[in-house]
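Q: Enclosed is the structure file structure_13.cif (mmCIF, C-alpha atoms).
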data_start
loop_
_atom_site.group_PDB
_atom_site.id
_atom_site.type_symbol
_atom_site.label_atom_id
_atom_site.label_comp_id
_atom_site.auth_asym_id
_atom_site.auth_seq_id
_atom_site.Cartn_x
_atom_site.Cartn_y
_atom_site.Cartn_z
ATOM 1 C CA MET A 110 6.892 -29.213 33.678
ATOM 2 C CA THR A 111 6.603 -25.504 32.944
ATOM 3 C CA THR A 112 3.691 -23.758 31.314
ATOM 4 C CA SER A 113 4.266 -20.915 28.869
ATOM 5 C CA THR A 114 3.247 -17.541 30.270
ATOM 6 C CA LYS A 115 3.392 -15.849 26.880
ATOM 7 C CA PRO A 116 0.110 -14.464 25.530
ATOM 8 C CA LYS A 117 -1.736 -16.764 23.145
ATOM 9 C CA VAL A 118 -2.858 -16.230 19.571
ATOM 10 C CA TRP A 119 -5.726 -18.464 18.531
ATOM 11 C CA LEU A 120 -5.130 -19.913 15.077
ATOM 12 C CA THR A 121 -8.269 -21.352 13.508
ATOM 13 C CA GLY A 122 -8.034 -23.653 10.514
ATOM 14 C CA ALA A 123 -4.617 -24.775 11.738
ATOM 15 C CA GLY A 124 -4.764 -27.913 9.597
ATOM 16 C CA GLY A 125 -5.225 -26.004 6.332
ATOM 17 C CA GLN A 126 -2.503 -24.784 4.028
ATOM 18 C CA LEU A 127 -2.217 -21.269 5.494
ATOM 19 C CA GLY A 128 -2.474 -22.383 9.111
ATOM 20 C CA SER A 129 0.153 -25.059 8.484
ATOM 21 C CA ALA A 130 2.481 -22.530 6.848
ATOM 22 C CA LEU A 131 2.218 -20.211 9.860
ATOM 23 C CA LEU A 132 3.059 -23.052 12.246
ATOM 24 C CA HIS A 133 6.001 -24.226 10.123
ATOM 25 C CA LEU A 134 7.468 -20.763 9.514
ATOM 26 C CA PHE A 135 6.972 -19.488 13.060
ATOM 27 C CA PRO A 136 6.849 -22.558 15.318
ATOM 28 C CA THR A 137 7.972 -20.741 18.480
ATOM 29 C CA PRO A 138 7.227 -17.013 18.218
ATOM 30 C CA GLU A 139 9.081 -14.797 20.689
ATOM 31 C CA LEU A 140 6.166 -12.570 21.661
ATOM 32 C CA PHE A 141 3.333 -15.098 21.877
ATOM 33 C CA SER A 142 2.472 -18.782 21.652
ATOM 34 C CA TRP A 143 0.080 -20.343 19.166
ATOM 35 C CA CYS A 144 -3.213 -21.821 20.268
ATOM 36 C CA PRO A 145 -4.118 -23.822 17.122
ATOM 37 C CA THR A 146 -7.433 -25.560 16.478
ATOM 38 C CA THR A 147 -8.810 -27.546 13.549
ATOM 39 C CA HIS A 148 -12.409 -28.138 12.480
ATOM 40 C CA GLY A 149 -12.280 -31.595 14.041
ATOM 41 C CA GLU A 150 -11.325 -30.074 17.395
ATOM 42 C CA LEU A 151 -13.747 -27.158 17.453
ATOM 43 C CA ASP A 152 -16.799 -26.384 15.330
ATOM 44 C CA LEU A 153 -16.591 -22.640 14.733
ATOM 45 C CA THR A 154 -20.246 -22.493 13.685
ATOM 46 C CA ASP A 155 -21.202 -23.525 17.243
ATOM 47 C CA GLY A 156 -21.451 -20.173 18.993
ATOM 48 C CA GLU A 157 -21.636 -21.637 22.493
ATOM 49 C CA ALA A 158 -18.530 -23.763 21.908
ATOM 50 C CA VAL A 159 -16.628 -20.760 20.507
ATOM 51 C CA ARG A 160 -17.539 -18.585 23.501
ATOM 52 C CA SER A 161 -16.483 -21.337 25.903
ATOM 53 C CA PHE A 162 -13.164 -21.801 24.115
ATOM 54 C CA LEU A 163 -12.451 -18.062 24.103
ATOM 55 C CA SER A 164 -13.185 -17.835 27.818
ATOM 56 C CA LYS A 165 -10.720 -20.610 28.612
ATOM 57 C CA ALA A 166 -7.953 -19.767 26.117
ATOM 58 C CA ASP A 167 -8.140 -15.977 26.582
ATOM 59 C CA PRO A 168 -6.135 -15.169 23.433
ATOM 60 C CA VAL A 169 -4.751 -11.704 22.717
ATOM 61 C CA ALA A 170 -5.631 -12.117 19.030
ATOM 62 C CA ILE A 171 -7.329 -14.491 16.590
ATOM 63 C CA VAL A 172 -6.061 -15.440 13.136
ATOM 64 C CA ASN A 173 -8.994 -16.920 11.238
ATOM 65 C CA CYS A 174 -7.678 -19.247 8.526
ATOM 66 C CA ALA A 175 -10.820 -21.391 8.534
ATOM 67 C CA ALA A 176 -13.077 -21.227 5.483
ATOM 68 C CA TYR A 177 -15.275 -23.195 3.120
ATOM 69 C CA THR A 178 -13.065 -23.133 0.013
ATOM 70 C CA ASP A 179 -14.814 -25.550 -2.356
ATOM 71 C CA VAL A 180 -15.848 -23.034 -5.020
ATOM 72 C CA GLU A 181 -17.841 -25.586 -6.997
ATOM 73 C CA GLY A 182 -19.382 -27.238 -3.945
ATOM 74 C CA ALA A 183 -20.612 -23.930 -2.557
ATOM 75 C CA GLU A 184 -23.055 -23.573 -5.447
ATOM 76 C CA THR A 185 -25.145 -26.440 -4.045
ATOM 77 C CA ASP A 186 -24.050 -26.218 -0.386
ATOM 78 C CA ARG A 187 -24.969 -22.617 0.321
ATOM 79 C CA VAL A 188 -25.815 -23.145 3.982
ATOM 80 C CA ARG A 189 -22.392 -24.529 4.902
ATOM 81 C CA ALA A 190 -20.600 -21.970 2.725
ATOM 82 C CA TYR A 191 -22.326 -18.996 4.360
ATOM 83 C CA ALA A 192 -21.982 -20.495 7.842
ATOM 84 C CA ALA A 193 -18.206 -20.873 7.496
ATOM 85 C CA ASN A 194 -17.405 -17.865 5.337
ATOM 86 C CA SER A 195 -19.831 -15.288 6.695
ATOM 87 C CA ASP A 196 -21.214 -16.290 10.098
ATOM 88 C CA VAL A 197 -17.894 -17.415 11.593
ATOM 89 C CA PRO A 198 -15.932 -14.191 10.884
ATOM 90 C CA ARG A 199 -18.912 -12.164 12.147
ATOM 91 C CA LEU A 200 -18.964 -14.175 15.376
ATOM 92 C CA LEU A 201 -15.216 -14.091 15.990
ATOM 93 C CA SER A 202 -14.896 -10.369 15.280
ATOM 94 C CA SER A 203 -17.885 -9.595 17.507
ATOM 95 C CA LEU A 204 -16.328 -11.506 20.414
ATOM 96 C CA HIS A 205 -12.749 -10.244 20.094
ATOM 97 C CA ASP A 206 -11.272 -6.873 19.102
ATOM 98 C CA ARG A 207 -8.103 -8.231 17.446
ATOM 99 C CA VAL A 208 -9.016 -10.571 14.593
ATOM 100 C CA VAL A 209 -7.111 -11.224 11.366
ATOM 101 C CA HIS A 210 -9.446 -12.584 8.694
ATOM 102 C CA ILE A 211 -8.549 -13.876 5.218
ATOM 103 C CA GLY A 212 -10.504 -12.690 2.155
ATOM 104 C CA THR A 213 -10.400 -13.543 -1.542
ATOM 105 C CA ASP A 214 -10.175 -12.014 -5.028
ATOM 106 C CA TYR A 215 -13.368 -13.927 -5.924
ATOM 107 C CA VAL A 216 -15.350 -11.035 -4.444
ATOM 108 C CA TYR A 217 -14.786 -9.302 -7.817
ATOM 109 C CA ASP A 218 -16.449 -10.033 -11.161
ATOM 110 C CA GLY A 219 -13.264 -9.438 -13.154
ATOM 111 C CA THR A 220 -14.775 -7.017 -15.676
ATOM 112 C CA LYS A 221 -12.819 -3.908 -14.669
ATOM 113 C CA GLY A 222 -9.822 -4.796 -16.836
ATOM 114 C CA THR A 223 -7.240 -3.299 -14.474
ATOM 115 C CA ALA A 224 -5.994 -4.229 -11.011
ATOM 116 C CA TYR A 225 -8.447 -3.753 -8.144
ATOM 117 C CA ARG A 226 -7.430 -1.271 -5.464
ATOM 118 C CA GLU A 227 -8.158 -1.469 -1.764
ATOM 119 C CA GLY A 228 -11.346 0.254 -0.708
ATOM 120 C CA GLU A 229 -12.643 1.186 -4.163
ATOM 121 C CA GLY A 230 -15.953 -0.621 -3.653
ATOM 122 C CA ASP A 231 -15.838 -2.603 -6.894
ATOM 123 C CA GLU A 232 -16.880 -5.897 -5.319
ATOM 124 C CA HIS A 233 -19.417 -7.895 -7.286
ATOM 125 C CA PRO A 234 -19.038 -11.648 -6.766
ATOM 126 C CA LEU A 235 -20.116 -14.118 -9.435
ATOM 127 C CA SER A 236 -20.410 -17.225 -7.252
ATOM 128 C CA VAL A 237 -21.860 -18.379 -3.943
ATOM 129 C CA TYR A 238 -18.319 -18.807 -2.662
ATOM 130 C CA GLY A 239 -17.432 -15.222 -3.593
ATOM 131 C CA ALA A 240 -20.663 -13.837 -2.146
ATOM 132 C CA SER A 241 -20.247 -15.712 1.132
ATOM 133 C CA LYS A 242 -16.646 -14.554 1.454
ATOM 134 C CA LEU A 243 -17.597 -10.942 0.707
ATOM 135 C CA MET A 244 -20.242 -10.978 3.424
ATOM 136 C CA GLY A 245 -17.669 -12.372 5.864
ATOM 137 C CA GLU A 246 -15.130 -9.715 4.912
ATOM 138 C CA GLN A 247 -17.687 -6.951 5.378
ATOM 139 C CA ARG A 248 -18.872 -8.223 8.745
ATOM 140 C CA ALA A 249 -15.332 -8.647 10.058
ATOM 141 C CA HIS A 250 -14.302 -5.231 8.726
ATOM 142 C CA GLN A 251 -17.304 -3.550 10.344
ATOM 143 C CA ASN A 252 -16.292 -5.110 13.663
ATOM 144 C CA GLY A 253 -12.755 -3.700 13.497
ATOM 145 C CA ALA A 254 -10.845 -6.692 12.177
ATOM 146 C CA VAL A 255 -7.816 -6.751 9.898
ATOM 147 C CA VAL A 256 -9.059 -8.261 6.626
ATOM 148 C CA LEU A 257 -6.365 -9.567 4.270
ATOM 149 C CA ARG A 258 -7.712 -10.115 0.766
ATOM 150 C CA THR A 259 -5.513 -12.468 -1.255
ATOM 151 C CA SER A 260 -5.592 -14.478 -4.498
ATOM 152 C CA TRP A 261 -4.777 -17.978 -5.754
ATOM 153 C CA LEU A 262 -3.266 -19.103 -2.466
ATOM 154 C CA TYR A 263 -0.984 -22.147 -2.591
ATOM 155 C CA GLY A 264 1.776 -23.601 -0.458
ATOM 156 C CA PRO A 265 4.222 -26.464 -0.003
ATOM 157 C CA VAL A 266 2.602 -29.860 -0.462
ATOM 158 C CA LYS A 267 4.688 -31.283 2.380
ATOM 159 C CA TRP A 268 3.142 -28.727 4.739
ATOM 160 C CA GLY A 269 -0.381 -29.775 3.840
ATOM 161 C CA GLY A 270 -0.744 -27.122 1.169
ATOM 162 C CA GLY A 271 -0.792 -27.353 -2.561
ATOM 163 C CA GLY A 272 -3.844 -25.789 -4.151
ATOM 164 C CA PHE A 273 -3.504 -25.371 -7.903
ATOM 165 C CA TYR A 274 0.260 -25.713 -7.563
ATOM 166 C CA GLY A 275 -0.066 -29.092 -5.885
ATOM 167 C CA LYS A 276 -2.401 -30.426 -8.556
ATOM 168 C CA ILE A 277 -0.177 -29.281 -11.410
ATOM 169 C CA ARG A 278 2.963 -30.565 -9.705
ATOM 170 C CA LYS A 279 1.444 -34.016 -9.282
ATOM 171 C CA GLN A 280 0.285 -34.166 -12.903
ATOM 172 C CA VAL A 281 3.665 -32.989 -14.200
ATOM 173 C CA GLU A 282 5.597 -35.498 -12.112
ATOM 174 C CA GLN A 283 3.298 -38.293 -13.261
ATOM 175 C CA GLN A 284 3.753 -37.102 -16.859
ATOM 176 C CA ARG A 285 0.023 -36.744 -17.318
ATOM 177 C CA SER A 286 -1.473 -34.508 -19.980
ATOM 178 C CA LEU A 287 -2.377 -31.013 -18.849
ATOM 179 C CA ARG A 288 -5.301 -28.841 -19.908
ATOM 180 C CA VAL A 289 -5.305 -25.359 -18.362
ATOM 181 C CA VAL A 290 -7.348 -22.211 -18.953
ATOM 182 C CA THR A 291 -5.825 -19.057 -20.364
ATOM 183 C CA ASP A 292 -8.645 -16.629 -19.582
ATOM 184 C CA GLU A 293 -8.538 -16.620 -15.781
ATOM 185 C CA VAL A 294 -5.883 -14.124 -14.704
ATOM 186 C CA SER A 295 -4.802 -13.044 -11.232
ATOM 187 C CA CYS A 296 -1.654 -13.403 -9.120
ATOM 188 C CA PRO A 297 -0.532 -16.699 -7.529
ATOM 189 C CA THR A 298 0.219 -16.039 -3.861
ATOM 190 C CA SER A 299 2.433 -18.180 -1.664
ATOM 191 C CA THR A 300 1.279 -19.075 1.844
ATOM 192 C CA LEU A 301 4.794 -18.132 2.940
ATOM 193 C CA THR A 302 4.245 -14.548 1.787
ATOM 194 C CA LEU A 303 0.858 -14.252 3.456
ATOM 195 C CA SER A 304 2.156 -15.906 6.642
ATOM 196 C CA ARG A 305 4.971 -13.373 6.925
ATOM 197 C CA VAL A 306 2.501 -10.508 6.557
ATOM 198 C CA ILE A 307 0.238 -12.000 9.236
ATOM 199 C CA TYR A 308 3.183 -12.435 11.601
ATOM 200 C CA LYS A 309 4.214 -8.802 11.075
ATOM 201 C CA ILE A 310 0.680 -7.639 11.826
ATOM 202 C CA LEU A 311 0.596 -9.679 15.020
ATOM 203 C CA THR A 312 3.914 -8.271 16.250
ATOM 204 C CA ASP A 313 3.575 -4.702 14.941
ATOM 205 C CA SER A 314 1.179 -1.878 15.705
ATOM 206 C CA TRP A 315 -2.417 -2.994 15.225
ATOM 207 C CA THR A 316 -4.188 -1.114 12.430
ATOM 208 C CA PRO A 317 -7.658 -2.449 11.518
ATOM 209 C CA GLY A 318 -8.721 -2.254 7.891
ATOM 210 C CA LEU A 319 -9.023 -4.091 4.596
ATOM 211 C CA TYR A 320 -5.730 -4.788 2.827
ATOM 212 C CA HIS A 321 -4.651 -6.605 -0.310
ATOM 213 C CA VAL A 322 -1.874 -9.182 0.059
ATOM 214 C CA THR A 323 -0.540 -10.991 -3.003
ATOM 215 C CA ASP A 324 2.788 -11.730 -4.584
ATOM 216 C CA GLN A 325 3.747 -9.362 -7.382
ATOM 217 C CA GLY A 326 2.820 -9.543 -11.060
ATOM 218 C CA GLU A 327 0.047 -11.395 -12.830
ATOM 219 C CA ALA A 328 -0.472 -14.689 -14.615
ATOM 220 C CA SER A 329 -3.143 -16.810 -16.207
ATOM 221 C CA ARG A 330 -3.716 -20.306 -14.880
ATOM 222 C CA TYR A 331 -1.894 -21.465 -18.024
ATOM 223 C CA ASP A 332 1.102 -19.209 -17.282
ATOM 224 C CA PHE A 333 1.205 -20.483 -13.696
ATOM 225 C CA ALA A 334 1.146 -24.117 -14.811
ATOM 226 C CA LYS A 335 3.907 -23.509 -17.394
ATOM 227 C CA GLU A 336 6.126 -21.882 -14.774
ATOM 228 C CA ILE A 337 5.538 -24.695 -12.285
ATOM 229 C CA ALA A 338 6.600 -27.244 -14.894
ATOM 230 C CA ARG A 339 9.618 -25.148 -15.932
ATOM 231 C CA GLN A 340 10.881 -24.699 -12.385
ATOM 232 C CA LEU A 341 10.441 -28.420 -11.725
ATOM 233 C CA GLY A 342 12.560 -29.147 -14.796
ATOM 234 C CA TYR A 343 9.848 -30.654 -16.991
ATOM 235 C CA ASP A 344 9.272 -29.725 -20.622
ATOM 236 C CA CYS A 345 5.677 -30.794 -21.128
ATOM 237 C CA GLU A 346 2.872 -29.862 -23.460
ATOM 238 C CA ILE A 347 -0.007 -27.994 -21.890
ATOM 239 C CA GLU A 348 -3.248 -27.672 -23.808
ATOM 240 C CA ARG A 349 -4.804 -24.212 -23.785
ATOM 241 C CA LEU A 350 -8.444 -23.978 -22.745
ATOM 242 C CA THR A 351 -10.932 -21.271 -21.863
ATOM 243 C CA MET A 352 -13.353 -21.388 -18.951
ATOM 244 C CA ALA A 353 -16.152 -21.866 -21.471
ATOM 245 C CA ASP A 354 -14.554 -25.199 -22.433
ATOM 246 C CA ILE A 355 -15.014 -26.567 -18.919
ATOM 247 C CA ASP A 356 -18.262 -27.589 -17.256
ATOM 248 C CA LEU A 357 -18.129 -25.329 -14.196
ATOM 249 C CA LYS A 358 -21.017 -24.655 -11.821
ATOM 250 C CA ALA A 359 -19.433 -21.531 -10.356
ATOM 251 C CA ARG A 360 -18.424 -18.548 -12.452
ATOM 252 C CA ARG A 361 -14.925 -17.178 -11.915
ATOM 253 C CA PRO A 362 -13.641 -13.645 -12.547
ATOM 254 C CA HIS A 363 -11.603 -13.408 -15.761
ATOM 255 C CA TYR A 364 -9.239 -10.760 -14.371
ATOM 256 C CA SER A 365 -8.899 -10.312 -10.608
ATOM 257 C CA VAL A 366 -5.395 -8.974 -10.055
ATOM 258 C CA LEU A 367 -5.191 -7.117 -6.725
ATOM 259 C CA GLU A 368 -3.138 -3.964 -6.343
ATOM 260 C CA VAL A 369 -1.168 -4.214 -3.109
ATOM 261 C CA GLY A 370 -0.925 -0.816 -1.494
ATOM 262 C CA ALA A 371 -0.619 -0.065 2.212
ATOM 263 C CA LEU A 372 1.064 -3.246 3.399
ATOM 264 C CA GLN A 373 3.623 -3.243 0.600
ATOM 265 C CA GLN A 374 4.665 0.230 1.681
ATOM 266 C CA ARG A 375 4.855 -0.897 5.296
ATOM 267 C CA TYR A 376 6.652 -4.219 4.679
ATOM 268 C CA PRO A 377 8.392 -3.881 1.286
ATOM 269 C CA ASP A 378 10.876 -6.698 1.895
ATOM 270 C CA ILE A 379 8.122 -9.334 2.063
ATOM 271 C CA PHE A 380 6.668 -8.822 -1.398
ATOM 272 C CA ARG A 381 8.378 -10.471 -4.402
ATOM 273 C CA PRO A 382 7.521 -11.470 -7.968
ATOM 274 C CA TRP A 383 5.258 -14.515 -7.943
ATOM 275 C CA GLU A 384 7.852 -16.550 -9.850
ATOM 276 C CA VAL A 385 10.391 -15.987 -7.048
ATOM 277 C CA ALA A 386 7.822 -16.913 -4.399
ATOM 278 C CA LEU A 387 7.041 -20.093 -6.357
ATOM 279 C CA SER A 388 10.721 -21.076 -6.356
ATOM 280 C CA GLU A 389 10.738 -20.853 -2.543
ATOM 281 C CA VAL A 390 7.715 -23.149 -2.270
ATOM 282 C CA ILE A 391 9.307 -25.666 -4.651
ATOM 283 C CA LYS A 392 12.540 -25.508 -2.628
ATOM 284 C CA VAL A 393 10.643 -26.368 0.560
ATOM 285 C CA ASP A 394 8.992 -29.343 -1.145
ATOM 286 C CA ASN A 395 12.284 -30.555 -2.603
ATOM 287 C CA GLU A 396 14.213 -30.438 0.665
#
Produce structure tokens that represent the structure in this file.
A:
Amino acid sequence: MTTSTKPKVWLTGAGGQLGSALLHLFPTPELFSWCPTTHGELDLTDGEAVRSFLSKADPVAIVNCAAYTDVEGAETDRVRAYAANSDVPRLLSSLHDRVVHIGTDYVYDGTKGTAYREGEGDEHPLSVYGASKLMGEQRAHQNGAVVLRTSWLYGPVKWGGGGFYGKIRKQVEQQRSLRVVTDEVSCPTSTLTLSRVIYKILTDSWTPGLYHVTDQGEASRYDFAKEIARQLGYDCEIERLTMADIDLKARRPHYSVLEVGALQQRYPDIFRPWEVALSEVIKVDNE
């Protein structure tokens, strides 16, 4: 039995939709080998356990896909949200000089009315989730990490992903009635797109900073749902709602489209219209 001598990249949150996409798209990278962990295998909020793991694994980089993503739950579970979304990226980026951390469009309040640019300082989160993620982004950025801010992440259901796409797909296939908001607008982003960017960063020159990574264009949740149904071949009625019609604990930004700048210039072939990216995800699920 031979042991790989390639350098390791520690992948946290390997059981989530982004971690799963990375492992499916790049199962045997040429330049490194994955060292994946899930929450059940290692509690990232346990500093002693993290330090022990790092000492043994000795990775050349860390991709932090772990997060507390329950936007509603965070409103009443602040301690866990801040531990996962703020304390963990601070710890990882303080212990290692090559960390890729994932951020979110929910750091914005959505009142600007135009796309948010990298580094403009317009962050003003409306929810505990957004505030905890912003603190994590800032701490990781200050420690020299690569922070990739994305929006409305979703991926193939068969790879353990789904998100909003997975919920709508299930309802459409079961011919259930749909009620979707029209006044939350951003850009759906495929885990395949974000995974390809992460892989490029890991195998290219390392340039710390905060970058936006989304597919191209914009859509409301209603538009996204309509396109999912259309590409699946279903002609179904979708009731239009506003966020005010729904009993939500956490406030969401009405318009949080991210302008993708530096990384689109560096890797132009990766970025596509969100409708095209959606068709790739559906193709994976239909295979």
Q: Do you know which residues lie at most 9 Å from (4.1, -19.8, 23.4), with coordinates as in the file and only C-alpha atoms counted, and could you write them as a ChimeraX atom specification?
A: /A:112-118,136-144
Q: Can you list what the PyMOL selection byres ((chain A and resi 386) around 9) grabs from this structure, as a list in words?
A: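 Applied to this file, the PyMOL selection byres ((chain A and resi 386) around 9) selects Pro297, Thr298, Ser299, Leu301, Thr302, Asp324, Phe380, Arg381, Pro382, Trp383, Glu384, Val385, Leu387, Ser388, Glu389, Val390 and Ile391 of chain A.
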Q: Using the chain letters and numbers from the file, which residues does the PyMOL selection byres ((chain A and resi 177) around 9) grab, as a ChimeraX atom specification?
A: /A:175-176,178-180,183,189-194,238,242
Q: For the residues in that selection, give me C-alpha atoms as a PDB file, keeping the file's coordinate frame.
A:
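Contents of the output file result27.pdb:
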ATOM      1  CA  ALA A 175     -10.820 -21.391   8.534  1.00  0.00           C
ATOM      2  CA  ALA A 176     -13.077 -21.227   5.483  1.00  0.00           C
ATOM      3  CA  THR A 178     -13.065 -23.133   0.013  1.00  0.00           C
ATOM      4  CA  ASP A 179     -14.814 -25.550  -2.356  1.00  0.00           C
ATOM      5  CA  VAL A 180     -15.848 -23.034  -5.020  1.00  0.00           C
ATOM      6  CA  ALA A 183     -20.612 -23.930  -2.557  1.00  0.00           C
ATOM      7  CA  ARG A 189     -22.392 -24.529   4.902  1.00  0.00           C
ATOM      8  CA  ALA A 190     -20.600 -21.970   2.725  1.00  0.00           C
ATOM      9  CA  TYR A 191     -22.326 -18.996   4.360  1.00  0.00           C
ATOM     10  CA  ALA A 192     -21.982 -20.495   7.842  1.00  0.00           C
ATOM     11  CA  ALA A 193     -18.206 -20.873   7.496  1.00  0.00           C
ATOM     12  CA  ASN A 194     -17.405 -17.865   5.337  1.00  0.00           C
ATOM     13  CA  TYR A 238     -18.319 -18.807  -2.662  1.00  0.00           C
ATOM     14  CA  LYS A 242     -16.646 -14.554   1.454  1.00  0.00           C
TER      15      LYS A 242
END
Q: Considering only C-alpha atoms, can you say which of A:Ala254, A:Val159, A:Leu151, A:Leu303 comes closest to Ser129 in chain A?
A: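 For Ser129 in chain A, the nearest of the candidates is A:Leu303.
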Q: Please indicate the distance in Å from CA of Arg361 in chain A to CA of Gly219 in chain A, rounded to one decimal place.
A: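 CA of Gly219 in chain A lies at a distance of 8.0 Å from CA of Arg361 in chain A.
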Q: Can you tell me how far CA of Cys345 in chain A sits from CA of Gln126 in chain A, in Å to one decimal?
A: 27.1 Å
Q: Extract, using all atoms listed in the file, all DNA, RNA and protein residues at most 12 Å from Lys279 in chain A, discarding same-chain residues fewer than 5 positions from it, and format them as a PyMOL selection string.
A: chain A and resi 266+271-274+284-287+334+337-338+341+343
Q: Return as a CSV table (one decimal) with C-alpha atoms, in the coordinates of the input the set of residues that the PyMOL selection byres ((chain A and resi 127) around 10) yields on the displayed structure.
A:
chain,number,residue,atom,x,y,z
A,122,GLY,CA,-8.0,-23.7,10.5
A,123,ALA,CA,-4.6,-24.8,11.7
A,124,GLY,CA,-4.8,-27.9,9.6
A,125,GLY,CA,-5.2,-26.0,6.3
A,126,GLN,CA,-2.5,-24.8,4.0
A,128,GLY,CA,-2.5,-22.4,9.1
A,129,SER,CA,0.2,-25.1,8.5
A,130,ALA,CA,2.5,-22.5,6.8
A,131,LEU,CA,2.2,-20.2,9.9
A,132,LEU,CA,3.1,-23.1,12.2
A,133,HIS,CA,6.0,-24.2,10.1
A,173,ASN,CA,-9.0,-16.9,11.2
A,174,CYS,CA,-7.7,-19.2,8.5
A,175,ALA,CA,-10.8,-21.4,8.5
A,211,ILE,CA,-8.5,-13.9,5.2
A,262,LEU,CA,-3.3,-19.1,-2.5
A,263,TYR,CA,-1.0,-22.1,-2.6
A,264,GLY,CA,1.8,-23.6,-0.5
A,265,PRO,CA,4.2,-26.5,0.0
A,268,TRP,CA,3.1,-28.7,4.7
A,269,GLY,CA,-0.4,-29.8,3.8
A,270,GLY,CA,-0.7,-27.1,1.2
A,299,SER,CA,2.4,-18.2,-1.7
A,300,THR,CA,1.3,-19.1,1.8
A,301,LEU,CA,4.8,-18.1,2.9
A,303,LEU,CA,0.9,-14.3,3.5
A,304,SER,CA,2.2,-15.9,6.6
Q: What does the distance from CA of Glu293 in chain A to CA of Tyr364 in chain A come to in Å, to one decimal?
A: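 About the pair CA of Glu293 in chain A and CA of Tyr364 in chain A: they are 6.1 Å apart.
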Q: Give as a list in words the set of residues within 9 Å of the point (-2.7, -3.2, 2.3), where distances use the file's coordinates and all atoms listed in the file.
A: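 Output of the proximity query reads Glu227, Leu257, Arg258, Gly318, Leu319, Tyr320, His321, Val322, Glu368, Val369, Gly370, Ala371, Leu372, Gln373, Gln374 and Arg375 of chain A.
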Q: Could you check which of A:Arg248, A:Arg207, A:Arg305, A:Lys221 is closest to Leu134 in chain A, using all atoms listed in the file?
A: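 Smallest separation from Leu134 in chain A among the options: A:Arg305.
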Q: Kindly indicate which residue among A:Thr185, A:Ser164, A:Ser203, A:Gln340 lies nearest to Val237 in chain A, using all atoms listed in the file for the distances.
A: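 That would be A:Thr185, the residue with the smallest distance to Val237 in chain A.
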